[in-house]
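upload-v4.csv, holding CSV, C-alpha atoms:
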```csv
chain,number,residue,atom,x,y,z
C,1,MET,CA,-14.1,4.6,-22.1
C,2,LYS,CA,-11.3,3.6,-24.5
C,3,ASP,CA,-8.2,4.1,-22.3
C,4,CYS,CA,-9.7,3.2,-18.9
C,5,ILE,CA,-7.7,0.5,-17.3
C,6,PHE,CA,-10.7,-0.8,-15.3
C,7,CYS,CA,-12.8,-1.0,-18.4
C,8,LYS,CA,-10.0,-3.1,-20.0
C,9,ILE,CA,-10.0,-5.3,-16.9
C,10,ALA,CA,-13.8,-5.7,-17.0
C,11,LYS,CA,-13.5,-6.7,-20.7
C,12,LYS,CA,-10.7,-9.1,-19.7
C,13,GLU,CA,-8.2,-7.4,-22.0
C,14,ILE,CA,-5.7,-7.1,-19.2
C,15,LYS,CA,-4.6,-9.9,-17.0
C,16,SER,CA,-5.9,-9.5,-13.4
C,17,TYR,CA,-6.7,-11.6,-10.4
C,18,ILE,CA,-10.4,-11.8,-10.8
C,19,LEU,CA,-12.1,-13.2,-7.7
C,20,LYS,CA,-15.8,-13.1,-8.5
C,21,GLU,CA,-18.3,-11.4,-10.9
C,22,ASN,CA,-21.9,-11.0,-11.6
C,23,LYS,CA,-24.0,-9.5,-14.4
C,24,PHE,CA,-23.1,-5.9,-13.4
C,25,CYS,CA,-19.8,-6.0,-11.5
C,26,LEU,CA,-16.4,-7.6,-11.3
C,27,SER,CA,-14.0,-8.0,-8.4
C,28,PHE,CA,-10.2,-8.4,-8.5
C,29,LEU,CA,-7.2,-8.2,-6.2
C,30,ASP,CA,-5.7,-4.7,-6.1
C,31,ILE,CA,-2.3,-4.7,-7.9
C,32,ASN,CA,-0.9,-2.5,-5.2
C,33,PRO,CA,-2.5,-3.9,-2.1
C,34,LEU,CA,-2.5,-2.2,1.3
C,35,THR,CA,-3.0,-5.5,3.0
C,36,PRO,CA,-3.3,-9.2,1.9
C,37,GLY,CA,-6.7,-9.6,0.2
C,38,HIS,CA,-7.2,-5.9,-0.7
C,39,THR,CA,-9.9,-6.2,-3.4
C,40,LEU,CA,-11.5,-3.8,-5.8
C,41,VAL,CA,-15.1,-4.1,-7.0
C,42,ILE,CA,-16.0,-2.2,-10.2
C,43,PRO,CA,-19.1,-1.9,-12.4
C,44,LYS,CA,-18.5,-3.6,-15.7
C,45,LYS,CA,-19.8,-0.5,-17.6
C,46,HIS,CA,-17.7,2.7,-17.3
C,47,LYS,CA,-19.1,4.8,-14.5
C,48,GLU,CA,-17.1,7.6,-12.9
C,49,SER,CA,-19.0,8.1,-9.7
C,50,PHE,CA,-21.0,5.9,-7.3
C,51,SER,CA,-24.0,8.2,-7.9
C,52,ASP,CA,-23.8,7.2,-11.7
C,53,LEU,CA,-24.6,3.6,-10.9
C,54,THR,CA,-28.1,2.3,-11.6
C,55,LEU,CA,-29.9,0.7,-8.7
C,56,GLN,CA,-29.2,-2.7,-10.3
C,57,GLU,CA,-25.5,-2.0,-10.6
C,58,ALA,CA,-25.4,-0.8,-7.0
C,59,LYS,CA,-27.1,-4.0,-5.8
C,60,GLY,CA,-24.7,-6.1,-7.9
C,61,LEU,CA,-21.8,-4.2,-6.3
C,62,PHE,CA,-22.9,-4.7,-2.7
C,63,SER,CA,-23.8,-8.3,-3.4
C,64,LEU,CA,-20.2,-9.0,-4.4
C,65,VAL,CA,-18.8,-7.0,-1.5
C,66,LYS,CA,-20.9,-9.0,0.9
C,67,SER,CA,-20.0,-12.4,-0.5
C,68,LEU,CA,-16.3,-11.5,-0.8
C,69,MET,CA,-16.2,-10.3,2.9
C,70,LYS,CA,-17.7,-13.7,3.9
C,71,ARG,CA,-15.1,-15.5,1.8
C,72,MET,CA,-12.2,-13.4,3.3
C,73,ARG,CA,-13.5,-14.1,6.9
C,74,GLU,CA,-13.3,-17.8,6.1
C,75,LYS,CA,-10.2,-18.1,4.0
C,76,LEU,CA,-8.0,-15.2,5.3
C,77,LYS,CA,-9.2,-15.5,8.9
C,78,VAL,CA,-9.9,-11.8,9.2
C,79,GLY,CA,-12.7,-10.3,11.2
C,80,SER,CA,-12.4,-6.6,10.4
C,81,PHE,CA,-12.5,-4.5,7.2
C,82,THR,CA,-12.2,-1.0,6.0
C,83,LEU,CA,-14.7,-0.4,3.2
C,84,GLY,CA,-14.8,2.6,1.0
C,85,VAL,CA,-14.9,4.6,-2.2
C,86,ASN,CA,-12.8,7.6,-3.2
C,87,ASP,CA,-15.4,9.5,-5.3
C,88,GLY,CA,-14.0,12.5,-7.2
C,89,ASP,CA,-10.6,14.3,-7.3
C,90,LEU,CA,-10.7,15.8,-3.9
C,91,SER,CA,-11.3,12.4,-2.3
C,92,GLY,CA,-8.2,11.0,-3.9
C,93,GLN,CA,-9.8,9.1,-6.8
C,94,THR,CA,-7.0,8.6,-9.3
C,95,ILE,CA,-8.7,6.3,-11.8
C,96,GLN,CA,-11.9,7.8,-13.1
C,97,HIS,CA,-13.9,4.6,-13.0
C,98,MET,CA,-15.9,4.0,-9.8
C,99,HIS,CA,-14.3,1.4,-7.6
C,100,PHE,CA,-15.1,0.1,-4.2
C,101,HIS,CA,-12.2,-1.0,-1.9
C,102,ILE,CA,-12.5,-4.0,0.5
C,103,ILE,CA,-9.5,-3.8,2.8
C,104,PRO,CA,-9.1,-6.6,5.3
C,105,ARG,CA,-7.7,-5.4,8.6
C,106,TYR,CA,-5.0,-7.2,10.5
C,107,PRO,CA,-3.6,-6.7,14.0
C,108,GLY,CA,-0.7,-4.3,13.8
C,109,ASP,CA,-1.4,-3.2,10.2
C,110,GLY,CA,-0.9,0.5,11.1
C,111,GLY,CA,-4.2,1.5,9.7
C,112,LYS,CA,-6.6,3.8,11.4
C,113,SER,CA,-10.3,4.5,11.5
C,114,ILE,CA,-12.1,6.1,8.5
C,115,HIS,CA,-12.6,9.0,10.8
C,116,SER,CA,-8.9,9.8,10.6
C,117,ILE,CA,-9.1,10.7,6.8
C,118,VAL,CA,-10.6,14.2,6.9
C,119,LYS,CA,-10.7,17.0,9.5
C,120,PHE,CA,-12.6,20.0,8.2
C,121,PRO,CA,-14.5,22.3,10.5
C,122,LEU,CA,-18.2,22.7,9.7
C,123,GLY,CA,-18.3,26.5,9.4
C,124,GLU,CA,-22.0,26.5,10.0
C,125,PRO,CA,-24.3,24.9,12.5
C,126,LEU,CA,-25.2,21.3,12.0
C,127,GLU,CA,-28.9,22.4,11.9
C,128,GLU,CA,-28.3,24.5,8.8
C,129,ILE,CA,-26.6,21.6,7.0
C,130,TYR,CA,-29.5,19.4,8.0
C,131,LYS,CA,-32.0,21.9,6.5
C,132,LYS,CA,-30.0,22.0,3.2
C,133,LEU,CA,-30.0,18.2,2.9
C,134,LYS,CA,-33.5,17.5,4.1
```

Write the structure described by the file as structure tokens, please.
Amino acid sequence: MKDCIFCKIAKKEIKSYILKENKFCLSFLDINPLTPGHTLVIPKKHKESFSDLTLQEAKGLFSLVKSLMKRMREKLKVGSFTLGVNDGDLSGQTIQHMHFHIIPRYPGDGGKSIHSIVKFPLGEPLEEIYKKLK
């Protein structure tokens, strides 16, 4: 996509703090970090949603995530992380290029569990949802 900031970062048209990359994905420090080490991992090709990734791209993404977490454990001395993707407008995705957050967690950082993000009653029995998804 022509005006996508993450595509420009992937093409190295914009200066960024690139940490690691592979054939399919690239990782860099978030320009507005929530904690020290907050990192984004993106596919090099423009993909809006996680479900748009090929299996190879998804494997490349998770390979980078895993190796970056290991590096952060060693270099930043962190043992906990919040990992996630905001996929779509309702989730809070503001840049329409799929990106995966690695957020190192520190004592007293004020962050909460991923379970604190959404509270929406089911409206139907769990069994009915299961049948739809099975």

Nearest to C:His38: which of C:Val65, C:Ile102, C:Ile95, C:Cys7 is it, counting all atoms listed in the file? C:Ile102

Counting all atoms listed in the file, the residue of C:Arg105, C:His46, C:Lys77, C:Lys20 that sits nearest C:Cys4: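 Between C:Arg105, C:His46, C:Lys77, C:Lys20, the residue approaching C:Cys4 most closely is C:His46.
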
Near stretch 84-89 of chain C, counting only C-alpha atoms, which residues have an atom at most 6 Å away, once you skip same-chain residues fewer than 6 positions from it, shown as a PDB file with C-alpha atoms, in the coordinates of the input?
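Here's the written file selection-v8.pdb:
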```
ATOM      1  CA  SER C  49     -19.000   8.100  -9.700  1.00  0.00           C
ATOM      2  CA  PHE C 100     -15.100   0.100  -4.200  1.00  0.00           C
ATOM      3  CA  HIS C 101     -12.200  -1.000  -1.900  1.00  0.00           C
TER       4      HIS C 101
END
```

Near-stretch 50-56 of chain C list (12 Å; only C-alpha atoms; drop same-chain fewer than 6 positions) as a list in words: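 Once the nearby chain positions are removed, what remains is Asn22, Lys23, Phe24, Cys25, Val41, Ile42, Pro43, Lys44, Phe62, Ser63, Gly84, Val85, Asn86, Asp87, Gly88, Gln93, Gln96, His97, Met98, His99 and Phe100 of chain C.
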
Expected file: the selected residues, C-alpha atoms, as a tab-separated table (two decimals), in the frame of the given file:
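This is the output file selection.tsv:
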```
chain	number	residue	atom	x	y	z
C	22	ASN	CA	-21.90	-11.00	-11.60
C	23	LYS	CA	-24.00	-9.50	-14.40
C	24	PHE	CA	-23.10	-5.90	-13.40
C	25	CYS	CA	-19.80	-6.00	-11.50
C	41	VAL	CA	-15.10	-4.10	-7.00
C	42	ILE	CA	-16.00	-2.20	-10.20
C	43	PRO	CA	-19.10	-1.90	-12.40
C	44	LYS	CA	-18.50	-3.60	-15.70
C	62	PHE	CA	-22.90	-4.70	-2.70
C	63	SER	CA	-23.80	-8.30	-3.40
C	84	GLY	CA	-14.80	2.60	1.00
C	85	VAL	CA	-14.90	4.60	-2.20
C	86	ASN	CA	-12.80	7.60	-3.20
C	87	ASP	CA	-15.40	9.50	-5.30
C	88	GLY	CA	-14.00	12.50	-7.20
C	93	GLN	CA	-9.80	9.10	-6.80
C	96	GLN	CA	-11.90	7.80	-13.10
C	97	HIS	CA	-13.90	4.60	-13.00
C	98	MET	CA	-15.90	4.00	-9.80
C	99	HIS	CA	-14.30	1.40	-7.60
C	100	PHE	CA	-15.10	0.10	-4.20
```

Among the residues C:Ile14, C:Glu21, C:Ile9, C:Leu83, the one that comes closest to C:Gly60 [using all atoms listed in the file]: C:Glu21

Separation of atom CA of C:Ile103 from atom CA of C:Gly37, in Å and rounded to one decimal: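 Calculated distance between atom CA of C:Ile103 and atom CA of C:Gly37 is 6.9 Å.
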
Can you work out the spacing between atom CA of C:Pro33 and atom CA of C:Met72 in Å, to one decimal?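 Distance reported for this atom pair: 14.6 Å.
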
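Comparing C:Ile117, C:Leu19, C:Gly110, C:Ile31 by their smallest distance to C:Met69, the closest is C:Leu19 (using all atoms listed in the file).
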
Would you mind reading off the distance between atom CA of C:Tyr17 and atom CA of C:Asn32, one decimal, in Å?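 The value is 12.0 Å.
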
Residue among C:Phe6, C:Arg73, C:Leu133, C:Glu127 lying closest to C:Glu48, counting all atoms listed in the file: C:Phe6

Which of these, C:Lys2, C:Leu26, C:Pro125, C:Ser80, has the shortest distance to C:Leu61 once you count all atoms listed in the file?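 So, comparing all the options, the nearest one is C:Leu26.
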
Working from the structure I just supplied, which lacks atoms in stretch 28-54 of chain C, can you model N, CA and C atoms there and output them as a compact mmCIF listing (two decimals), keeping the file's coordinate frame?
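As a result, selection.txt now contains:
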```txt
# COMPACT_ATOMS: atom_id res chain seq x y z
N PHE C 28 -11.59 -7.95 -8.23
CA PHE C 28 -10.20 -8.40 -8.50
C PHE C 28 -9.31 -7.89 -7.38
N LEU C 29 -8.19 -8.60 -7.18
CA LEU C 29 -7.20 -8.20 -6.20
C LEU C 29 -6.54 -6.88 -6.68
N ASP C 30 -6.36 -5.93 -5.77
CA ASP C 30 -5.70 -4.70 -6.10
C ASP C 30 -4.22 -4.99 -6.42
N ILE C 31 -3.71 -4.42 -7.48
CA ILE C 31 -2.30 -4.70 -7.90
C ILE C 31 -1.30 -4.09 -6.97
N ASN C 32 -1.70 -3.07 -6.20
CA ASN C 32 -0.90 -2.50 -5.20
C ASN C 32 -1.57 -2.53 -3.83
N PRO C 33 -1.68 -3.73 -3.28
CA PRO C 33 -2.50 -3.90 -2.10
C PRO C 33 -1.96 -3.23 -0.84
N LEU C 34 -2.89 -2.74 -0.03
CA LEU C 34 -2.50 -2.20 1.30
C LEU C 34 -2.38 -3.26 2.31
N THR C 35 -3.13 -4.34 2.15
CA THR C 35 -3.00 -5.50 3.00
C THR C 35 -3.32 -6.76 2.17
N PRO C 36 -2.97 -7.95 2.66
CA PRO C 36 -3.30 -9.20 1.90
C PRO C 36 -4.84 -9.26 1.75
N GLY C 37 -5.26 -9.47 0.51
CA GLY C 37 -6.70 -9.60 0.20
C GLY C 37 -7.35 -8.29 -0.22
N HIS C 38 -6.61 -7.17 -0.24
CA HIS C 38 -7.20 -5.90 -0.70
C HIS C 38 -7.78 -6.07 -2.07
N THR C 39 -9.09 -5.86 -2.15
CA THR C 39 -9.90 -6.20 -3.40
C THR C 39 -10.61 -4.94 -3.85
N LEU C 40 -10.74 -4.83 -5.16
CA LEU C 40 -11.50 -3.80 -5.80
C LEU C 40 -12.78 -4.42 -6.42
N VAL C 41 -13.90 -3.73 -6.32
CA VAL C 41 -15.10 -4.10 -7.00
C VAL C 41 -15.53 -2.98 -7.89
N ILE C 42 -15.72 -3.28 -9.18
CA ILE C 42 -16.00 -2.20 -10.20
C ILE C 42 -17.28 -2.59 -10.95
N PRO C 43 -17.99 -1.56 -11.44
CA PRO C 43 -19.10 -1.90 -12.40
C PRO C 43 -18.41 -2.25 -13.73
N LYS C 44 -19.03 -3.15 -14.45
CA LYS C 44 -18.50 -3.60 -15.70
C LYS C 44 -18.59 -2.46 -16.78
N LYS C 45 -19.63 -1.64 -16.69
CA LYS C 45 -19.80 -0.50 -17.60
C LYS C 45 -19.04 0.70 -16.95
N HIS C 46 -18.48 1.55 -17.79
CA HIS C 46 -17.70 2.70 -17.30
C HIS C 46 -18.68 3.67 -16.57
N LYS C 47 -18.43 3.88 -15.29
CA LYS C 47 -19.10 4.80 -14.50
C LYS C 47 -18.09 5.55 -13.63
N GLU C 48 -18.09 6.88 -13.62
CA GLU C 48 -17.10 7.60 -12.90
C GLU C 48 -17.37 7.70 -11.39
N SER C 49 -18.63 7.83 -11.03
CA SER C 49 -19.00 8.10 -9.70
C SER C 49 -20.00 7.03 -9.17
N PHE C 50 -20.01 6.82 -7.85
CA PHE C 50 -21.00 5.90 -7.30
C PHE C 50 -22.40 6.34 -7.62
N SER C 51 -22.64 7.65 -7.64
CA SER C 51 -24.00 8.20 -7.90
C SER C 51 -24.40 7.92 -9.39
N ASP C 52 -23.47 7.54 -10.26
CA ASP C 52 -23.80 7.20 -11.70
C ASP C 52 -24.31 5.79 -11.82
N LEU C 53 -24.15 4.97 -10.79
CA LEU C 53 -24.60 3.60 -10.90
C LEU C 53 -26.11 3.51 -10.92
N THR C 54 -26.63 2.56 -11.69
CA THR C 54 -28.10 2.30 -11.60
C THR C 54 -28.31 1.54 -10.31
```
